[in-house]
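Notes for the one structure printed next.
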Amino acid sequence: MIQHRVQDKRLIKMITKWIKVGVVNDLGQRTPAGCGVPQGAVISPLVANIYLHYVFDLWIHQWRGKKAKGEVIVTRYADDAVLCFQNKWDANEYLALLRRRLRKFSLALHPDKTRLIRFGRYAAAQWVRCNEKKPKSFDFLGFAH
């Protein structure tokens with residue numbers, strides 16, 4: 001995917017080496033890379049942004065224009081994202097499609113971080129109507145919402 005835009009073979013070679021180098025643990029021992037970019041590596045956000053631009057950003061932009069019935073707002077930073085849907089049916093449909101799409105690229109959603117919650121202007125009234133005691137919250141980039 002990087003080669004889509006970058007023609008400099010030296011840069012491609014350097015990024016490839018960086019991905020394959022692996023990680024060094026606290027004892028100074030190197031563990032070779034298995035698959036993907038090591039979590040916490042300096043290059044990780046850059047590669048995530050490039051990869052997810054093609055796998056996620058362009059795809060959701062297309063889906064939003066063709067399939068969504070209501071508003072869809074996307075905020076993504078590296079491999080973390082918050083997606084806001086005006087309609088619950090859009091959210092459910094997109095979540096199922098996203099899981100299938102990511103599987104094609106050997107990716108998966110984090111099960112503990114992926115959930116649908118009511119949020120926004122009408123959420124408080126909906127919580128009361130659904131007999132929910134406390135509004136659900138989520139953390140994104142170190143902030144609780």
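Ligands are numbered from 1 in the order shown, residues from 1 within each chain, and chains are lettered A, B, ... in the order they appear in the structure tokens.
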
* Name the residues of segment 18-115 of chain A that come out as strand (DSSP E) in a backbone DSSP run; write them as number ranges by chain. => A: 23-24, 30-31, 72-77, 80-85

Write the residues of the preceding selection, restricted to C-alpha atoms, as a JSON list (two decimals), in the first residue's frame.
```
[["chain", "number", "residue", "atom", "x", "y", "z"],
["A", 23, "VAL", "CA", 11.37, -5.82, 19.20],
["A", 24, "VAL", "CA", 13.88, -5.65, 22.03],
["A", 30, "ARG", "CA", 15.66, -9.16, 20.35],
["A", 31, "THR", "CA", 12.54, -11.02, 19.29],
["A", 72, "VAL", "CA", -21.99, 9.15, 9.94],
["A", 73, "ILE", "CA", -19.08, 10.88, 11.67],
["A", 74, "VAL", "CA", -15.66, 9.22, 11.84],
["A", 75, "THR", "CA", -12.72, 10.21, 14.02],
["A", 76, "ARG", "CA", -9.60, 8.08, 13.64],
["A", 77, "TYR", "CA", -6.11, 8.42, 15.08],
["A", 80, "ASP", "CA", -8.06, 3.94, 17.20],
["A", 81, "ALA", "CA", -11.40, 5.19, 15.95],
["A", 82, "VAL", "CA", -14.76, 6.45, 17.14],
["A", 83, "LEU", "CA", -17.65, 6.16, 14.73],
["A", 84, "CYS", "CA", -20.89, 8.04, 15.35],
["A", 85, "PHE", "CA", -24.08, 7.00, 13.57]]
```

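Residue nearest Glu93 of chain A, chosen from A:Lys113, A:Arg64, A:His4, A:Arg118 and counting only C-alpha atoms: A:Arg64.
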
* To do: Any chance you could list, as an MDAnalysis selection string, the residues in chain A that come up helix (DSSP H, G or I) when DSSP is run on the backbone?
  => chainID A and resid 2:4 9:20 44:66 88:104 123:129

Under the rule of at most 12 Å, produce a per-residue listing of segment 38-110 of chain A near segment 5-12 of chain A: chain, number, name, the closest pair of atoms, and the distance in Å, as a tab-separated table, using only C-alpha atoms.
```
residue	atom	partner	partner_atom	distance
A:Val47	CA	A:Ile12	CA	11.6
A:Ile50	CA	A:Arg5	CA	9.9
A:Tyr51	CA	A:Arg5	CA	11.8
A:His53	CA	A:Arg5	CA	11.9
A:Tyr54	CA	A:Arg5	CA	11.4
```
